[in-house]
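Asker: I'd like to ask you about the structure that follows.
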Amino acid sequence: MAIFTGAGVAIVTPMHSDGSVNFDKLGELIEFQIANHTDSIIITGTTGEASTLTEDEHVECIRFAVDKVAKRLPVIAGTGSNCTKTAIYLTKEAQKAGADGALVVTPYYNKATQKGLIQHFSTIARSTDLPIVLYSVQSRTGVNILPETAAALNGECDNIVAVKEASGNISQVADILQMTQGDMDVYSGNDDQIVPILSLGGKGVISVLSNICPQETHDIVAKFMAGDVEGSRDLQLKALPLVHALFCEVNPIPVKTALNLMGMEVGPLRLPMTPMEEANRQRLAQAMRDFGITVK
């Protein structure tokens, strides 16, 4: 059974003006997501600025999200690292906290061979009972999970059950689904490819767009799953200009800017992320208005 089906939000980590984590605001964001029918909360992922959180902050964010959600929907904790030992520690802490799954990204900077990826992910999987979602995003980590590697991991480790596919390569997604014969769930890691991946048998999306449009992103998947492919496609296409604006600078700069433009007051980014360029900020604000979002 899938950890979730639908649109899971890769939720931002709100900050106070001094750069510390704003847990009160995080609680508000979680309630906003639940009220607007998000299907899962993904905490401490790329969009959550996990790479600049200390280990203590990382674990505290996971614990807070699990407690705040209180089993109303699944919570998936981002626990990946370029250090296998650190990823094991974070995954074990996520399990202790009561998370429903772990999202584990490919090692960044030091990267790995495909053999190294198999050893890295299988070692993490053996350290926990949590279901694991592999995260393949070569554009950020410099290494791709080949379909053969995903299939091998799925066959070797019972708790490696899914992959967040952000390669942008639809043929790769098809190969993963063909090689695993329904044993491995696939979630789109790109908001502009939700419907194409659903059409191949994907289970949904782990979404940046959901931060600002949770209901609409949920509806893209829900309509498709209900057989309304045309309605799903229309929503996907309508959202494309906004999706493009959300990625005109490196994530999560635009989505945090968008939330602040909505009056959500999620605060600043941590260095090395910097405030959005004014021209791109204006482009984002216009795309939001065009989509029907009130900009303050």
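Chains: A, B, ... in order of the structure tokens. Residues: from 1 per chain. Ligands: from 1, in order shown.
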If you count only C-alpha atoms, which residues fall within 12 Å of Leu284 in chain A, apart from same-chain ones fewer than 5 positions away, as a list in words?

Answerer: Pro241, Leu242, Val243, His244, Ala245, Leu246, Phe247, Cys248, Glu249, Ile253, Pro254, Val255, Lys256, Thr257, Ala258, Leu259, Asn260, Leu261, Met262, Met276, Glu277, Glu278, Ala279, Arg289, Asp290, Phe291, Ile293 and Val295 of chain A

Asker: Would you export the selected residues with N, CA, C and O atoms as an mmCIF file, in the first residue's frame, please?

Answerer:
```
data_model
loop_
_atom_site.group_PDB
_atom_site.id
_atom_site.type_symbol
_atom_site.label_atom_id
_atom_site.label_comp_id
_atom_site.auth_asym_id
_atom_site.auth_seq_id
_atom_site.Cartn_x
_atom_site.Cartn_y
_atom_site.Cartn_z
ATOM 1 N N PRO A 241 2.364 28.281 -16.047
ATOM 2 C CA PRO A 241 3.075 29.554 -15.909
ATOM 3 C C PRO A 241 3.494 29.846 -14.463
ATOM 4 O O PRO A 241 4.582 30.384 -14.223
ATOM 5 N N LEU A 242 2.632 29.477 -13.510
ATOM 6 C CA LEU A 242 2.964 29.682 -12.109
ATOM 7 C C LEU A 242 4.104 28.750 -11.689
ATOM 8 O O LEU A 242 5.023 29.160 -10.972
ATOM 9 N N VAL A 243 4.055 27.504 -12.150
ATOM 10 C CA VAL A 243 5.143 26.564 -11.843
ATOM 11 C C VAL A 243 6.466 27.095 -12.387
ATOM 12 O O VAL A 243 7.493 27.082 -11.688
ATOM 13 N N HIS A 244 6.453 27.584 -13.600
ATOM 14 C CA HIS A 244 7.686 28.116 -14.189
ATOM 15 C C HIS A 244 8.207 29.303 -13.371
ATOM 16 O O HIS A 244 9.424 29.430 -13.147
ATOM 17 N N ALA A 245 7.302 30.155 -12.914
ATOM 18 C CA ALA A 245 7.716 31.299 -12.096
ATOM 19 C C ALA A 245 8.291 30.845 -10.750
ATOM 20 O O ALA A 245 9.208 31.480 -10.218
ATOM 21 N N LEU A 246 7.760 29.745 -10.207
ATOM 22 C CA LEU A 246 8.253 29.222 -8.932
ATOM 23 C C LEU A 246 9.642 28.608 -9.041
ATOM 24 O O LEU A 246 10.260 28.308 -8.016
ATOM 25 N N PHE A 247 10.096 28.433 -10.280
ATOM 26 C CA PHE A 247 11.429 27.866 -10.470
ATOM 27 C C PHE A 247 12.312 28.763 -11.331
ATOM 28 O O PHE A 247 13.307 28.303 -11.885
ATOM 29 N N CYS A 248 11.961 30.064 -11.413
ATOM 30 C CA CYS A 248 12.800 30.976 -12.186
ATOM 31 C C CYS A 248 14.076 31.340 -11.438
ATOM 32 O O CYS A 248 15.021 31.857 -12.027
ATOM 33 N N GLU A 249 14.107 31.088 -10.137
ATOM 34 C CA GLU A 249 15.335 31.080 -9.345
ATOM 35 C C GLU A 249 15.334 29.773 -8.554
ATOM 36 O O GLU A 249 14.315 29.077 -8.481
ATOM 37 N N ILE A 253 13.791 29.719 -3.042
ATOM 38 C CA ILE A 253 13.719 31.182 -3.027
ATOM 39 C C ILE A 253 12.355 31.677 -3.503
ATOM 40 O O ILE A 253 11.684 32.454 -2.801
ATOM 41 N N PRO A 254 11.865 31.237 -4.685
ATOM 42 C CA PRO A 254 10.583 31.781 -5.143
ATOM 43 C C PRO A 254 9.392 31.376 -4.277
ATOM 44 O O PRO A 254 8.490 32.200 -4.056
ATOM 45 N N VAL A 255 9.341 30.128 -3.811
ATOM 46 C CA VAL A 255 8.146 29.713 -3.077
ATOM 47 C C VAL A 255 8.069 30.414 -1.714
ATOM 48 O O VAL A 255 6.976 30.774 -1.262
ATOM 49 N N LYS A 256 9.188 30.648 -1.083
ATOM 50 C CA LYS A 256 9.140 31.424 0.160
ATOM 51 C C LYS A 256 8.724 32.866 -0.126
ATOM 52 O O LYS A 256 7.948 33.467 0.633
ATOM 53 N N THR A 257 9.216 33.407 -1.227
ATOM 54 C CA THR A 257 8.810 34.751 -1.629
ATOM 55 C C THR A 257 7.308 34.787 -1.886
ATOM 56 O O THR A 257 6.608 35.719 -1.467
ATOM 57 N N ALA A 258 6.787 33.758 -2.560
ATOM 58 C CA ALA A 258 5.358 33.700 -2.869
ATOM 59 C C ALA A 258 4.522 33.659 -1.594
ATOM 60 O O ALA A 258 3.492 34.346 -1.486
ATOM 61 N N LEU A 259 4.933 32.853 -0.638
ATOM 62 C CA LEU A 259 4.194 32.781 0.628
ATOM 63 C C LEU A 259 4.202 34.129 1.342
ATOM 64 O O LEU A 259 3.186 34.547 1.917
ATOM 65 N N ASN A 260 5.325 34.815 1.304
ATOM 66 C CA ASN A 260 5.371 36.149 1.903
ATOM 67 C C ASN A 260 4.489 37.129 1.137
ATOM 68 O O ASN A 260 3.831 37.992 1.738
ATOM 69 N N LEU A 261 4.433 37.009 -0.189
ATOM 70 C CA LEU A 261 3.544 37.865 -0.978
ATOM 71 C C LEU A 261 2.074 37.598 -0.651
ATOM 72 O O LEU A 261 1.227 38.484 -0.788
ATOM 73 N N MET A 262 1.766 36.391 -0.213
ATOM 74 C CA MET A 262 0.400 36.035 0.197
ATOM 75 C C MET A 262 0.087 36.492 1.619
ATOM 76 O O MET A 262 -1.039 36.317 2.093
ATOM 77 N N MET A 276 14.987 37.203 -3.549
ATOM 78 C CA MET A 276 14.717 37.085 -4.977
ATOM 79 C C MET A 276 15.043 38.385 -5.707
ATOM 80 O O MET A 276 14.801 39.487 -5.191
ATOM 81 N N GLU A 277 15.580 38.274 -6.922
ATOM 82 C CA GLU A 277 15.819 39.449 -7.749
ATOM 83 C C GLU A 277 14.485 40.135 -8.047
ATOM 84 O O GLU A 277 13.469 39.472 -8.267
ATOM 85 N N GLU A 278 14.488 41.454 -8.052
ATOM 86 C CA GLU A 278 13.238 42.198 -8.153
ATOM 87 C C GLU A 278 12.465 41.870 -9.432
ATOM 88 O O GLU A 278 11.232 41.721 -9.403
ATOM 89 N N ALA A 279 13.151 41.723 -10.552
ATOM 90 C CA ALA A 279 12.452 41.420 -11.806
ATOM 91 C C ALA A 279 11.754 40.068 -11.720
ATOM 92 O O ALA A 279 10.615 39.909 -12.180
ATOM 93 N N ARG A 289 -1.098 36.312 -9.500
ATOM 94 C CA ARG A 289 -2.357 37.021 -9.774
ATOM 95 C C ARG A 289 -3.107 36.347 -10.918
ATOM 96 O O ARG A 289 -4.325 36.171 -10.852
ATOM 97 N N ASP A 290 -2.394 36.000 -11.963
ATOM 98 C CA ASP A 290 -3.016 35.382 -13.126
ATOM 99 C C ASP A 290 -3.673 34.042 -12.746
ATOM 100 O O ASP A 290 -4.673 33.653 -13.347
ATOM 101 N N PHE A 291 -3.115 33.372 -11.755
ATOM 102 C CA PHE A 291 -3.669 32.086 -11.317
ATOM 103 C C PHE A 291 -4.832 32.259 -10.357
ATOM 104 O O PHE A 291 -5.550 31.328 -10.053
ATOM 105 N N ILE A 293 -4.448 34.017 -7.259
ATOM 106 C CA ILE A 293 -3.961 34.155 -5.879
ATOM 107 C C ILE A 293 -3.879 35.631 -5.525
ATOM 108 O O ILE A 293 -3.313 36.432 -6.295
ATOM 109 N N VAL A 295 -2.322 38.727 -4.007
ATOM 110 C CA VAL A 295 -0.983 39.181 -3.620
ATOM 111 C C VAL A 295 -1.127 40.458 -2.820
ATOM 112 O O VAL A 295 -1.780 41.405 -3.258
#
```

Asker: Can you list, as a ChimeraX atom specification, every protein, DNA or RNA residue that comes within 12 Å of Ile88 in chain A when you count only C-alpha atoms, leaving out same-chain residues fewer than 6 positions away?

Answerer: /A:78-82,94-95,102-104,120-130,132

Asker: Just list as a ChimeraX atom specification whatever in range 155-264 of chain A DSSP marks as alpha helix (DSSP H).

Answerer: /A:155-156,170-180,194-200,214-225,229-246,253-261

Asker: Against range 28-43 of chain A, which residues of range 112-209 of chain A fall within 10 Å? For each one I want the closest pair of atoms and the distance in Å (one decimal), counting only C-alpha atoms, rows by chain and increasing residue number, as JSON lines.

Answerer:
```
{"residue": "A:Gly204", "atom": "CA", "partner": "A:Asp39", "partner_atom": "CA", "distance": 9.4}
{"residue": "A:Val205", "atom": "CA", "partner": "A:Asp39", "partner_atom": "CA", "distance": 9.7}
{"residue": "A:Ile206", "atom": "CA", "partner": "A:Ile42", "partner_atom": "CA", "distance": 7.6}
{"residue": "A:Ser207", "atom": "CA", "partner": "A:Ile42", "partner_atom": "CA", "distance": 9.0}
```

Asker: Any chance you could export the current selection's C-alpha atoms as an mmCIF file, in the first residue's frame?

Answerer:
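As a result, selection.cif now contains:
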```cif
data_model
loop_
_atom_site.group_PDB
_atom_site.id
_atom_site.type_symbol
_atom_site.label_atom_id
_atom_site.label_comp_id
_atom_site.auth_asym_id
_atom_site.auth_seq_id
_atom_site.Cartn_x
_atom_site.Cartn_y
_atom_site.Cartn_z
ATOM 1 C CA GLY A 204 1.018 11.515 -7.133
ATOM 2 C CA VAL A 205 3.440 14.353 -6.562
ATOM 3 C CA ILE A 206 5.735 15.676 -3.859
ATOM 4 C CA SER A 207 5.111 19.293 -4.631
#
```

Asker: Out of A:Ser139, A:Gln282, A:Gln236, A:Thr52, which residue has the shortest atom-to-atom distance to Tyr109 in chain A when counting only C-alpha atoms?

Answerer: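 Smallest separation from Tyr109 in chain A among the options: A:Ser139.
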